[in-house]
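Structure file input-v8.cif; described as mmCIF, C-alpha atoms and all ligand atoms.
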data_target
#
loop_
_atom_site.label_atom_id
_atom_site.label_comp_id
_atom_site.auth_asym_id
_atom_site.auth_seq_id
_atom_site.Cartn_x
_atom_site.Cartn_y
_atom_site.Cartn_z
CA MET A 69 -27.60 -1.81 -25.57
CA LYS A 70 -27.71 -0.60 -21.94
CA VAL A 71 -25.17 2.05 -21.02
CA VAL A 72 -22.97 0.96 -18.07
CA LYS A 73 -22.19 4.03 -15.96
CA VAL A 74 -18.69 3.91 -14.52
CA THR A 75 -16.58 5.84 -12.02
CA ILE A 76 -12.78 5.73 -11.85
CA ILE A 77 -11.62 6.31 -8.27
CA GLY A 78 -7.91 7.21 -8.37
CA PHE A 79 -6.33 8.81 -11.44
CA GLY A 80 -2.61 7.96 -11.20
CA SER A 81 -0.67 5.54 -13.38
CA ILE A 82 -3.43 2.89 -13.47
CA GLY A 83 -6.49 5.19 -13.49
CA GLN A 84 -5.05 7.06 -16.47
CA GLY A 85 -4.14 3.73 -18.14
CA VAL A 86 -7.78 2.66 -17.78
CA ALA A 87 -8.97 5.93 -19.37
CA LYS A 88 -6.56 5.44 -22.28
CA ALA A 89 -7.60 1.79 -22.72
CA LEU A 90 -11.30 2.77 -22.74
CA LEU A 91 -10.59 5.40 -25.41
CA MET A 92 -8.61 2.89 -27.49
CA LYS A 93 -11.19 0.09 -27.16
CA LYS A 94 -14.52 1.98 -27.35
CA ALA A 95 -15.50 0.44 -30.69
CA GLU A 96 -14.45 -3.10 -29.67
CA LEU A 97 -16.42 -2.82 -26.42
CA LYS A 98 -19.52 -1.72 -28.33
CA ARG A 99 -19.10 -4.72 -30.65
CA GLU A 100 -19.16 -6.90 -27.50
CA GLY A 101 -22.45 -5.18 -26.56
CA ILE A 102 -20.89 -3.01 -23.85
CA ASP A 103 -21.38 0.75 -23.87
CA LEU A 104 -19.34 2.25 -21.01
CA SER A 105 -19.86 5.84 -19.95
CA VAL A 106 -17.42 7.26 -17.38
CA VAL A 107 -19.54 9.66 -15.30
CA ALA A 108 -16.96 10.60 -12.64
CA ILE A 109 -13.22 10.43 -11.99
CA THR A 110 -11.52 11.33 -8.72
CA ASP A 111 -7.97 11.90 -7.55
CA SER A 112 -6.71 13.10 -4.16
CA LYS A 113 -7.75 16.69 -4.91
CA GLY A 114 -11.31 16.25 -6.10
CA ALA A 115 -13.57 15.03 -8.89
CA ALA A 116 -14.58 15.57 -12.50
CA ILE A 117 -18.23 14.75 -13.01
CA ASP A 118 -20.55 14.61 -16.01
CA GLU A 119 -23.60 12.41 -15.70
CA LYS A 120 -23.84 12.31 -19.51
CA GLY A 121 -20.27 10.95 -19.78
CA LEU A 122 -16.91 12.66 -19.38
CA ASP A 123 -14.60 13.47 -22.26
CA LEU A 124 -11.72 11.14 -21.23
CA GLN A 125 -9.19 12.81 -23.52
CA LYS A 126 -9.94 16.12 -21.83
CA CYS A 127 -9.64 14.55 -18.36
CA LEU A 128 -6.20 13.12 -19.23
CA GLN A 129 -5.15 16.50 -20.59
CA ASN A 130 -6.38 18.36 -17.48
CA LYS A 131 -4.49 15.91 -15.22
CA ALA A 132 -1.28 16.36 -17.26
CA GLU A 133 -1.55 20.16 -17.36
CA THR A 134 -2.82 21.00 -13.87
CA GLY A 135 -1.88 17.94 -11.78
CA THR A 136 -5.52 17.16 -11.05
CA VAL A 137 -8.56 15.86 -12.89
CA ALA A 138 -10.86 17.84 -10.57
CA SER A 139 -12.98 20.64 -11.93
CA LYS A 140 -13.10 23.89 -9.89
CA ASP A 141 -16.64 23.19 -8.65
CA HIS A 142 -15.76 19.67 -7.41
CA LEU A 143 -12.48 20.36 -5.61
CA GLY A 144 -12.36 18.43 -2.31
CA MET A 145 -14.96 15.88 -3.43
CA THR A 146 -13.77 12.38 -2.45
CA GLY A 147 -14.17 8.95 -4.00
CA LEU A 148 -16.64 8.10 -1.25
CA ASP A 149 -18.74 11.22 -2.04
CA VAL A 150 -18.86 10.18 -5.69
CA ILE A 151 -19.75 6.56 -4.91
CA GLN A 152 -22.58 7.67 -2.63
CA LYS A 153 -23.96 10.62 -4.60
CA ILE A 154 -23.58 9.83 -8.30
CA ASP A 155 -25.81 7.32 -10.07
CA HIS A 156 -23.62 4.57 -11.56
CA ASP A 157 -23.21 0.80 -11.95
CA LEU A 158 -19.47 0.07 -11.75
CA VAL A 159 -16.63 1.41 -9.60
CA ILE A 160 -13.08 1.02 -10.93
CA GLU A 161 -11.12 1.37 -7.67
CA VAL A 162 -7.46 2.27 -8.32
CA THR A 163 -6.30 4.26 -5.30
CA PRO A 164 -2.98 3.43 -3.56
CA THR A 165 -2.52 0.12 -1.74
CA ASP A 166 -2.54 0.59 2.04
CA ILE A 167 -2.12 -2.52 4.16
CA GLN A 168 -2.20 -0.77 7.55
CA THR A 169 -5.84 0.35 7.41
CA GLY A 170 -7.02 -0.69 3.94
CA GLY A 171 -6.94 3.04 3.09
CA ALA A 172 -9.50 4.86 0.97
CA GLY A 173 -9.80 1.69 -1.11
CA LEU A 174 -11.43 -0.31 1.68
CA ILE A 175 -13.90 2.49 2.42
CA ASN A 176 -14.66 2.93 -1.29
CA MET A 177 -15.11 -0.77 -2.06
CA THR A 178 -17.30 -1.34 0.99
CA ALA A 179 -19.51 1.64 0.11
CA ALA A 180 -19.74 0.57 -3.53
CA LEU A 181 -20.74 -3.02 -2.72
CA GLU A 182 -23.17 -1.88 0.01
CA SER A 183 -24.93 0.29 -2.57
CA LYS A 184 -25.03 -2.67 -5.01
CA LYS A 185 -22.39 -1.40 -7.42
CA ASP A 186 -19.99 -3.76 -9.17
CA VAL A 187 -16.30 -3.33 -8.31
CA VAL A 188 -13.24 -3.97 -10.48
CA THR A 189 -9.90 -3.15 -8.86
CA SER A 190 -6.10 -3.30 -8.93
CA ASN A 191 -5.86 -2.19 -5.26
CA LYS A 192 -4.36 -4.94 -3.12
CA GLY A 193 -4.79 -3.38 0.36
CA PRO A 194 -8.50 -4.07 0.92
CA LEU A 195 -8.18 -7.61 -0.47
CA THR A 196 -5.15 -8.38 1.66
CA MET A 197 -6.95 -7.25 4.82
CA LYS A 198 -10.62 -8.10 4.25
CA PHE A 199 -10.95 -10.49 1.35
CA ARG A 200 -13.63 -12.70 2.89
CA GLU A 201 -15.75 -9.75 4.12
CA LEU A 202 -15.66 -8.01 0.73
CA SER A 203 -16.43 -11.22 -1.21
CA ASN A 204 -19.34 -12.01 1.11
CA LEU A 205 -20.69 -8.46 0.77
CA ALA A 206 -20.49 -8.71 -3.02
CA GLU A 207 -22.29 -12.05 -2.99
CA LYS A 208 -24.98 -10.86 -0.56
CA ASN A 209 -25.71 -7.82 -2.75
CA GLY A 210 -25.48 -9.64 -6.10
CA CYS A 211 -22.48 -7.55 -7.23
CA ALA A 212 -19.50 -8.51 -9.35
CA PHE A 213 -16.17 -8.20 -7.49
CA LYS A 214 -13.21 -8.71 -9.84
CA PHE A 215 -9.52 -8.21 -9.12
CA GLU A 216 -7.34 -9.91 -11.78
CA ALA A 217 -5.13 -6.79 -11.89
CA THR A 218 -4.17 -7.15 -8.21
CA VAL A 219 -1.81 -10.08 -8.91
CA GLY A 220 0.69 -10.11 -11.77
CA GLY A 221 -0.75 -7.00 -13.50
CA ALA A 222 -1.52 -7.98 -17.08
CA MET A 223 -0.45 -11.60 -16.51
CA PRO A 224 -3.57 -13.77 -16.20
CA VAL A 225 -3.30 -15.71 -12.96
CA ILE A 226 -6.42 -15.47 -10.76
CA ASN A 227 -8.94 -15.97 -13.57
CA LEU A 228 -6.58 -18.53 -15.11
CA MET A 229 -6.66 -20.73 -12.01
CA ASN A 230 -10.29 -20.09 -11.02
CA GLU A 231 -11.91 -20.20 -14.46
CA VAL A 232 -9.70 -21.44 -17.29
CA MET A 233 -8.26 -24.34 -15.24
CA ALA A 234 -11.54 -25.23 -13.54
CA GLY A 235 -11.67 -28.94 -12.72
CA ASN A 236 -8.00 -29.08 -11.75
CA GLU A 237 -6.89 -29.24 -8.14
CA ILE A 238 -4.36 -26.42 -7.71
CA LYS A 239 -1.56 -27.80 -5.53
CA SER A 240 0.75 -24.80 -5.39
CA VAL A 241 1.65 -21.62 -7.19
CA LYS A 242 4.99 -19.90 -7.13
CA GLY A 243 6.61 -17.17 -9.13
CA ILE A 244 7.66 -13.58 -9.51
CA PHE A 245 4.80 -11.24 -8.59
CA ASN A 246 6.56 -7.88 -8.34
CA GLY A 247 7.68 -6.09 -11.50
CA THR A 248 9.62 -3.42 -9.61
CA CYS A 249 11.87 -5.92 -7.77
CA ASN A 250 12.38 -7.97 -10.92
CA TYR A 251 13.29 -4.82 -12.85
CA ILE A 252 15.66 -3.71 -10.08
CA LEU A 253 17.43 -7.09 -9.84
CA THR A 254 17.79 -7.23 -13.63
CA ARG A 255 19.13 -3.67 -13.91
CA MET A 256 21.41 -4.02 -10.83
CA TYR A 257 23.26 -6.84 -12.58
CA GLU A 258 23.38 -4.96 -15.92
CA GLU A 259 24.55 -1.70 -14.33
CA LYS A 260 26.73 -3.24 -11.57
CA SER A 261 24.90 -1.09 -9.02
CA GLY A 262 22.89 -1.17 -5.79
CA TYR A 263 19.10 -1.36 -5.56
CA SER A 264 18.47 2.21 -4.41
CA GLU A 265 19.97 3.74 -7.61
CA ILE A 266 17.69 1.64 -9.82
CA LEU A 267 14.60 2.16 -7.65
CA THR A 268 14.34 5.73 -9.01
CA GLU A 269 14.09 4.29 -12.56
CA ALA A 270 11.25 1.98 -11.49
CA VAL A 271 9.41 4.89 -9.87
CA ASP A 272 9.79 6.89 -13.12
CA LEU A 273 8.33 3.97 -15.10
CA GLY A 274 5.12 4.18 -12.99
CA ILE A 275 5.48 0.58 -11.80
CA ALA A 276 6.54 1.08 -8.18
CA GLU A 277 3.99 1.36 -5.39
CA THR A 278 3.03 4.86 -4.16
CA ASP A 279 5.28 3.86 -1.20
CA PRO A 280 8.10 1.91 -2.96
CA SER A 281 9.28 0.31 0.30
CA TYR A 282 6.27 -1.99 -0.20
CA ASP A 283 8.03 -3.31 -3.31
CA VAL A 284 11.64 -3.73 -2.14
CA GLU A 285 10.75 -5.08 1.31
CA GLY A 286 8.65 -7.86 -0.24
CA ILE A 287 5.36 -6.55 1.18
CA ASP A 288 3.74 -6.10 -2.24
CA THR A 289 4.62 -9.70 -3.19
CA ALA A 290 3.27 -10.86 0.18
CA CYS A 291 -0.05 -9.07 -0.54
CA LYS A 292 -0.31 -10.97 -3.82
CA VAL A 293 0.52 -14.27 -2.12
CA VAL A 294 -2.29 -13.58 0.41
CA ILE A 295 -4.75 -12.71 -2.38
CA LEU A 296 -3.89 -15.94 -4.24
CA ALA A 297 -4.18 -17.99 -1.03
CA ASN A 298 -7.64 -16.59 -0.29
CA ALA A 299 -9.09 -16.19 -3.79
CA VAL A 300 -7.77 -19.40 -5.36
CA PHE A 301 -7.08 -21.81 -2.47
CA GLY A 302 -10.06 -20.72 -0.33
CA MET A 303 -7.78 -19.99 2.66
CA ASN A 304 -8.35 -17.20 5.16
CA LYS A 305 -4.90 -15.58 5.40
CA THR A 306 -3.54 -12.12 6.08
CA ILE A 307 -0.09 -10.66 5.62
CA LYS A 308 0.91 -11.83 9.13
CA ASP A 309 0.77 -15.41 7.82
CA VAL A 310 3.51 -14.80 5.23
CA ASP A 311 7.24 -15.35 5.87
CA ILE A 312 8.69 -12.24 4.17
CA THR A 313 12.22 -11.31 3.08
CA GLY A 314 12.63 -8.52 0.51
CA ILE A 315 15.52 -7.61 -1.80
CA THR A 316 17.11 -4.80 0.22
CA ASN A 317 20.05 -7.00 1.24
CA VAL A 318 20.71 -8.36 -2.26
CA THR A 319 23.94 -6.87 -3.59
CA TYR A 320 25.50 -6.65 -7.04
CA GLU A 321 28.27 -8.94 -5.73
CA ALA A 322 25.69 -11.62 -4.83
CA LEU A 323 24.14 -11.39 -8.31
CA GLU A 324 27.59 -11.66 -9.89
CA MET A 325 28.56 -14.68 -7.79
CA SER A 326 25.26 -16.44 -8.66
CA ALA A 327 25.81 -15.75 -12.36
CA LYS A 328 29.20 -17.49 -12.16
CA SER A 329 27.39 -20.68 -11.15
CA GLY A 330 24.74 -20.26 -13.89
CA LYS A 331 22.08 -18.86 -11.54
CA THR A 332 20.26 -15.63 -10.94
CA ILE A 333 18.50 -14.20 -7.86
CA LYS A 334 14.72 -13.66 -8.08
CA LEU A 335 12.15 -12.57 -5.50
CA ILE A 336 9.88 -15.61 -5.35
CA GLY A 337 6.42 -15.71 -3.76
CA GLU A 338 4.84 -19.08 -3.06
CA VAL A 339 1.50 -20.46 -1.87
CA ARG A 340 1.44 -24.13 -0.88
CA LYS A 341 -1.68 -26.17 -0.32
CA ASP A 342 -0.51 -27.01 3.21
CA GLY A 343 -0.97 -23.31 4.03
CA LYS A 344 2.69 -22.26 3.95
CA LEU A 345 3.07 -18.79 2.42
CA SER A 346 6.49 -17.27 1.69
CA VAL A 347 8.33 -14.46 -0.07
CA ALA A 348 12.12 -14.54 -0.37
CA PRO A 349 15.02 -13.98 -2.79
CA ARG A 350 15.90 -17.40 -4.26
CA LEU A 351 18.49 -18.77 -6.65
CA VAL A 352 16.96 -19.72 -10.01
CA PRO A 353 18.99 -21.38 -12.81
CA ILE A 354 19.47 -19.01 -15.78
CA GLY A 355 17.16 -20.23 -18.57
CA HIS A 356 14.65 -21.80 -16.12
CA PRO A 357 11.03 -20.72 -16.86
CA LEU A 358 11.05 -18.67 -13.60
CA SER A 359 14.14 -16.67 -14.63
CA VAL A 360 12.26 -13.96 -16.59
CA SER A 361 13.76 -10.45 -16.62
CA GLY A 362 12.80 -6.79 -16.38
CA THR A 363 9.22 -5.94 -15.38
CA LEU A 364 8.01 -9.42 -16.36
CA ASN A 365 6.18 -11.56 -13.80
CA VAL A 366 5.83 -15.32 -13.99
CA ALA A 367 3.69 -17.94 -12.26
CA ALA A 368 4.23 -21.70 -12.21
CA VAL A 369 1.02 -23.47 -11.22
CA GLN A 370 1.12 -27.12 -10.09
CA THR A 371 -2.10 -29.02 -10.77
CA ASP A 372 -3.28 -32.62 -10.47
CA LEU A 373 -4.61 -33.09 -14.02
CA ALA A 374 -2.71 -30.60 -16.19
CA GLY A 375 0.67 -30.92 -14.45
CA GLU A 376 2.63 -27.67 -14.41
CA ILE A 377 1.34 -24.62 -16.27
CA THR A 378 3.63 -21.59 -16.49
CA VAL A 379 2.46 -18.12 -17.54
CA THR A 380 4.43 -14.92 -17.90
CA GLY A 381 3.58 -11.30 -18.69
CA LYS A 382 3.99 -7.66 -17.68
CA GLY A 383 3.37 -7.56 -13.95
CA ALA A 384 3.12 -3.80 -13.75
CA GLY A 385 2.64 -0.73 -15.91
CA SER A 386 -0.15 1.64 -16.75
CA LEU A 387 -1.74 0.21 -19.93
CA GLU A 388 -0.67 -3.37 -19.11
CA THR A 389 -2.51 -3.34 -15.77
CA ALA A 390 -5.45 -1.56 -17.42
CA SER A 391 -5.71 -4.54 -19.78
CA ALA A 392 -6.48 -6.85 -16.81
CA ILE A 393 -9.07 -4.35 -15.54
CA LEU A 394 -10.65 -4.19 -19.00
CA SER A 395 -10.84 -7.98 -19.28
CA ASP A 396 -12.56 -8.16 -15.87
CA ILE A 397 -15.06 -5.51 -17.00
CA ILE A 398 -15.79 -7.43 -20.20
CA SER A 399 -16.26 -10.67 -18.25
CA VAL A 400 -18.87 -8.94 -16.05
CA TYR A 401 -20.91 -7.19 -18.74
CA LYS A 402 -20.56 -9.39 -21.83
CA CYS A 403 -23.70 -11.53 -22.19
CA ASP A 404 -24.67 -10.46 -18.67
CA CYS A 405 -28.27 -10.33 -17.59
CA LYS A 406 -27.48 -7.04 -15.83
CA THR A 407 -27.23 -5.25 -19.22
N1 LIG B 1 1.44 0.85 -11.02
C1 LIG B 1 1.29 -0.42 -11.35
O1 LIG B 1 1.93 -0.92 -12.29
C2 LIG B 1 0.29 -1.27 -10.63
C3 LIG B 1 -0.44 -0.78 -9.56
N2 LIG B 1 -1.35 -1.59 -8.92
C4 LIG B 1 -2.18 -1.03 -7.85
O2 LIG B 1 -3.10 -0.12 -8.44
C5 LIG B 1 -3.39 0.95 -7.55
C6 LIG B 1 -3.06 2.27 -8.23
O3 LIG B 1 -1.70 2.29 -8.53
P1 LIG B 1 -1.03 3.55 -9.29
O4 LIG B 1 -1.99 4.11 -10.25
O5 LIG B 1 0.30 3.08 -9.74
O6 LIG B 1 -0.85 4.55 -8.07
P2 LIG B 1 -0.58 6.12 -8.19
O7 LIG B 1 0.08 6.52 -6.92
O8 LIG B 1 0.06 6.43 -9.49
O9 LIG B 1 -2.07 6.73 -8.24
C7 LIG B 1 -2.94 6.70 -7.18
C8 LIG B 1 -4.10 7.62 -7.48
O10 LIG B 1 -5.00 7.61 -6.38
C9 LIG B 1 -5.23 8.96 -5.97
N3 LIG B 1 -5.53 8.97 -4.56
C10 LIG B 1 -4.69 8.91 -3.52
N4 LIG B 1 -5.38 8.90 -2.38
C11 LIG B 1 -6.68 8.97 -2.74
C12 LIG B 1 -7.88 9.04 -2.01
N5 LIG B 1 -7.88 9.02 -0.68
N6 LIG B 1 -9.05 9.12 -2.71
C13 LIG B 1 -9.05 9.17 -4.07
N7 LIG B 1 -7.93 9.10 -4.81
C14 LIG B 1 -6.78 9.01 -4.14
C15 LIG B 1 -3.99 9.72 -6.33
O11 LIG B 1 -4.31 11.09 -6.42
P3 LIG B 1 -3.25 12.19 -6.97
O12 LIG B 1 -3.14 11.89 -8.45
O13 LIG B 1 -3.94 13.48 -6.72
O14 LIG B 1 -1.98 11.96 -6.21
C16 LIG B 1 -3.69 9.08 -7.68
O15 LIG B 1 -4.49 9.66 -8.68
C17 LIG B 1 -2.54 0.70 -6.31
O16 LIG B 1 -3.35 0.09 -5.34
C18 LIG B 1 -1.44 -0.24 -6.79
O17 LIG B 1 -1.00 -1.10 -5.77
C19 LIG B 1 -1.61 -2.87 -9.33
C20 LIG B 1 -0.95 -3.39 -10.41
C21 LIG B 1 0.09 -2.66 -11.12
N1 LIG B 2 4.47 -2.23 -7.68
C1 LIG B 2 3.89 -3.39 -8.23
C2 LIG B 2 2.78 -2.99 -9.16
C3 LIG B 2 1.89 -4.09 -9.47
O1 LIG B 2 1.24 -4.69 -8.63
C4 LIG B 2 4.93 -4.17 -9.02
O2 LIG B 2 6.01 -3.63 -9.22
O3 LIG B 2 4.66 -5.32 -9.37
NA NA B 3 -3.17 -10.47 -13.30
#
Can you present the structure in this file as structure tokens?
Ligand SMILES: NC(=O)C1=CN([C@@H]2O[C@H](COP(=O)(O)OP(=O)(O)OC[C@H]3O[C@@H](n4cnc5c(N)ncnc54)[C@H](OP(=O)(O)O)[C@@H]3O)[C@@H](O)[C@H]2O)C=CC1
Ligand SMILES: N[C@@H](CC=O)C(=O)O
Ligand code: NA
Amino acid sequence: MKVVKVTIIGFGSIGQGVAKALLMKKAELKREGIDLSVVAITDSKGAAIDEKGLDLQKCLQNKAETGTVASKDHLGMTGLDVIQKIDHDLVIEVTPTDIQTGGAGLINMTAALESKKDVVTSNKGPLTMKFRELSNLAEKNGCAFKFEATVGGAMPVINLMNEVMAGNEIKSVKGIFNGTCNYILTRMYEEKSGYSEILTEAVDLGIAETDPSYDVEGIDTACKVVILANAVFGMNKTIKDVDITGITNVTYEALEMSAKSGKTIKLIGEVRKDGKLSVAPRLVPIGHPLSVSGTLNVAAVQTDLAGEITVTGKGAGSLETASAILSDIISVYKCDCKT
């Protein structure tokens, strides 16, 4: 069994979730013929490196106790340094989403693919800005580029439409793609309060974006709509192509009035085959498949052969999102000629 050498770039909620999932699933992965060795982890302060394989439990402990995973001798070392200097096969890129410049994620993914490393990511910024360029680079260099975790967290949606439902024409997809907004709308109604009070709870749960205005202003949902449009429908869209309204103007009174007529308000993202992309709060009948609560996400996919398929699952969260990353890793290395 070949050892797959891995780096984790970003060690916040998701990076730590990945480390925990790898610890929990080591034996199962080996049974699938996959022996993963994490040789470097970085956060904003530096890196931990061991070319023979890091002790993940120790890395989690160091992060909890000192605020950084970095060892004293690798303080200041960046994700890019690690990608360029350390011998490895797979980059798990989980730095913050930045849709202004693509952030460190775009630099890291480009460098990884240019040096023929596989990339698995939950970072939406680079895919929202440069999906086609990154996919082409991966193809040109024979690398895997997998991103199930970028849309709907643990909820299978990209691989569902591209792989499991192969043969179907996908006509449209719509649903709830932001766990933070769904949690806030659910809790606002329960607590009779405004969105800003509940936002703090979502931040504490580790589900909000590093900049939570991305969540409540609908930008995060718009990123996911763009990724679905490009990765599933073969479009070439950016965030400028999405009509976006967030939840900042939704009040408790509006939720209460909707409930009186048997409806609830949900932030719905939609991709239509005619190219129309939208994000907006919409009225959904209580009990309808799209009226899921809390951090749940949901996607209703319209197809020509299968009709409507609806999936739901945790759209955010540390271990939940790590599960989508793990399933992408397994799909790359199980029965793969690379190993
Ligand atoms: N949280 C969730 O439920 C989900 C998140 N995502 C996406 O996953 C990604 C990670 O999210 P999450 O873990 O919640 O974010 P966090 O803010 O919790 O963690 C981000 C991590 O990246 C590190 N970091 C920041 N800048 C850099 C940099 N320039 N180079 C290297 N590391 C850097 C931070 O360092 P430090 O620790 O030192 O601050 C931190 O470790 C984001 O793109 C997000 O959109 C996707 C699905 C669900
Ligand atoms: N902040 C996002 C995290 C997952 O993409 C959300 O709340 O859905
Ligand atoms: Na997903």
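Residues with any atom within 12 Å of Tyr263 (chain A), counting all atoms listed in the file and excluding same-chain neighbours fewer than 5 positions away, are A:Thr248, A:Cys249, A:Asn250, A:Tyr251, A:Ile252, A:Leu253, A:Thr254, A:Arg255, A:Met256, A:Tyr257, A:Glu258, A:Thr268, A:Glu269, A:Ala270, A:Pro280, A:Ser281, A:Asp283, A:Val284, A:Glu285, A:Gly314, A:Ile315, A:Thr316, A:Asn317, A:Val318, A:Thr319, A:Tyr320, A:Glu321, A:Leu323.
The closest residue to Leu104 (chain A), picked from A:Thr75, A:Ser261, A:Gln129, A:Asn236 and counting only C-alpha atoms, is A:Thr75.
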Would you mind listing what lies within 10 Å of Gly171 (chain A) as a PyMOL selection string, with all atoms listed in the file counted and same-chain residues fewer than 5 positions away left out?
chain A and resi 163-166+176+191+193-194
Nearest to ligand NA 3 (chain B), chosen from A:Met303, A:Val310, A:Leu358, A:Ile295, with all atoms listed in the file counted in the distances
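Once distances to ligand NA 3 (chain B) are computed over all atoms listed in the file, the minimum belongs to A:Ile295.
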List all protein, DNA and RNA residues that have at least one atom no more than 9 Å from any atom of ligand LIG 2 (chain B), counting all atoms listed in the file, and write them as a PyMOL selection string.
chain A and resi 190-192+217-221+244-251+270-271+274-280+282-283+288-289+292+363-365+382-385+389
Hey, which of A:Asn304, A:Ser386, A:Thr380, A:Ser399 ends up closest to ligand LIG 1 (chain B)? Count all atoms listed in the file.
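Counting all atoms listed in the file, the residue closest to ligand LIG 1 (chain B) is A:Ser386.
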Spatial neighbours of Arg350 (chain A), max dist 8 Å, only C-alpha atoms, sep filter under 5 positions, as a tab-separated table (two decimals) with C-alpha atoms, in the frame of the given file:
chain	number	residue	atom	x	y	z
A	333	ILE	CA	18.50	-14.20	-7.86
A	334	LYS	CA	14.72	-13.66	-8.08
A	335	LEU	CA	12.15	-12.57	-5.50
A	336	ILE	CA	9.88	-15.61	-5.35
Which is closest to Ala390 (chain A) among A:Met69, A:Leu97, A:Ala115, A:Ala222, if we use all atoms listed in the file?
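Between A:Met69, A:Leu97, A:Ala115, A:Ala222, the residue approaching Ala390 (chain A) most closely is A:Ala222.
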Pull the neighbourhood of (1.0, -14.8, 0.3) for me: all residues within 8 Å in file coordinates, counting only C-alpha atoms, as number ranges by chain.
A: 289-297, 305-307, 309-310, 337-339, 345-347
Any idea what's packed within 8 Å of region 123-127 of chain A, counting only C-alpha atoms, ignoring anything in its chain fewer than 6 positions away? Could you give it as an MDAnalysis selection string?
chainID A and resid 87:88 91 106 116 137
Pick from A:Glu376, A:Asp396, A:Glu259, A:Glu216, whichever lies nearest to ligand NA 3 (chain B) using only C-alpha atoms and all ligand atoms
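Using only C-alpha atoms and all ligand atoms, ligand NA 3 (chain B) sits closest to A:Glu216.
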Which residue out of A:Ile266, A:Ala212, A:Leu387, A:Val71 has the minimum interatomic distance to ligand LIG 1 (chain B) when all atoms listed in the file are used?
A:Leu387
Take the point (-15.8, 18.8, -8.4) as written in the file and pick out every residue within 8 Å of it, counting only C-alpha atoms; give the list as number ranges by chain.
A: 114-117, 138-145
One decimal, Å: what's the distance from CA of Ile312 (chain A) over to CA of Pro349 (chain A), could you say?
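For CA of Ile312 (chain A) relative to CA of Pro349 (chain A), the distance reads 9.6 Å.
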What is the distance between CA of Gly78 (chain A) and CA of Val188 (chain A), in Å to one decimal?
12.6 Å
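For the atom pair formed by atom C5 of ligand LIG 1 (chain B) and CA of Val162 (chain A), the distance is 4.3 Å, given to one decimal.
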Rebuild N, CA, C and O atoms on region 70-80 of chain A, as a PDB file, in the frame of the given file?
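Saved file result-v5.pdb follows:
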ATOM      1  N   LYS A  70     -27.642  -1.447 -23.126  1.00  0.00           N
ATOM      2  CA  LYS A  70     -27.710  -0.600 -21.940  1.00  0.00           C
ATOM      3  C   LYS A  70     -26.359   0.093 -21.721  1.00  0.00           C
ATOM      4  O   LYS A  70     -25.314  -0.515 -21.919  1.00  0.00           O
ATOM      5  N   VAL A  71     -26.416   1.348 -21.335  1.00  0.00           N
ATOM      6  CA  VAL A  71     -25.170   2.050 -21.020  1.00  0.00           C
ATOM      7  C   VAL A  71     -24.760   1.663 -19.590  1.00  0.00           C
ATOM      8  O   VAL A  71     -25.581   1.694 -18.672  1.00  0.00           O
ATOM      9  N   VAL A  72     -23.495   1.251 -19.411  1.00  0.00           N
ATOM     10  CA  VAL A  72     -22.970   0.960 -18.070  1.00  0.00           C
ATOM     11  C   VAL A  72     -22.276   2.234 -17.588  1.00  0.00           C
ATOM     12  O   VAL A  72     -21.310   2.694 -18.201  1.00  0.00           O
ATOM     13  N   LYS A  73     -22.804   2.801 -16.485  1.00  0.00           N
ATOM     14  CA  LYS A  73     -22.190   4.030 -15.960  1.00  0.00           C
ATOM     15  C   LYS A  73     -21.066   3.666 -14.993  1.00  0.00           C
ATOM     16  O   LYS A  73     -21.248   2.858 -14.081  1.00  0.00           O
ATOM     17  N   VAL A  74     -19.920   4.305 -15.211  1.00  0.00           N
ATOM     18  CA  VAL A  74     -18.690   3.910 -14.520  1.00  0.00           C
ATOM     19  C   VAL A  74     -18.069   5.098 -13.797  1.00  0.00           C
ATOM     20  O   VAL A  74     -18.115   6.228 -14.294  1.00  0.00           O
ATOM     21  N   THR A  75     -17.454   4.830 -12.631  1.00  0.00           N
ATOM     22  CA  THR A  75     -16.580   5.840 -12.020  1.00  0.00           C
ATOM     23  C   THR A  75     -15.171   5.262 -11.900  1.00  0.00           C
ATOM     24  O   THR A  75     -15.012   4.062 -11.703  1.00  0.00           O
ATOM     25  N   ILE A  76     -14.178   6.135 -12.060  1.00  0.00           N
ATOM     26  CA  ILE A  76     -12.780   5.730 -11.850  1.00  0.00           C
ATOM     27  C   ILE A  76     -12.306   6.462 -10.601  1.00  0.00           C
ATOM     28  O   ILE A  76     -12.238   7.701 -10.576  1.00  0.00           O
ATOM     29  N   ILE A  77     -12.011   5.702  -9.542  1.00  0.00           N
ATOM     30  CA  ILE A  77     -11.620   6.310  -8.270  1.00  0.00           C
ATOM     31  C   ILE A  77     -10.108   6.134  -8.122  1.00  0.00           C
ATOM     32  O   ILE A  77      -9.617   5.029  -7.873  1.00  0.00           O
ATOM     33  N   GLY A  78      -9.375   7.243  -8.293  1.00  0.00           N
ATOM     34  CA  GLY A  78      -7.910   7.210  -8.370  1.00  0.00           C
ATOM     35  C   GLY A  78      -7.526   7.449  -9.821  1.00  0.00           C
ATOM     36  O   GLY A  78      -8.003   6.748 -10.715  1.00  0.00           O
ATOM     37  N   PHE A  79      -6.670   8.472 -10.050  1.00  0.00           N
ATOM     38  CA  PHE A  79      -6.330   8.810 -11.440  1.00  0.00           C
ATOM     39  C   PHE A  79      -4.819   9.000 -11.560  1.00  0.00           C
ATOM     40  O   PHE A  79      -4.333  10.005 -12.050  1.00  0.00           O
ATOM     41  N   GLY A  80      -4.073   7.977 -11.061  1.00  0.00           N
ATOM     42  CA  GLY A  80      -2.610   7.960 -11.200  1.00  0.00           C
ATOM     43  C   GLY A  80      -2.253   7.108 -12.408  1.00  0.00           C
ATOM     44  O   GLY A  80      -2.954   7.104 -13.428  1.00  0.00           O
TER      45      GLY A  80
END
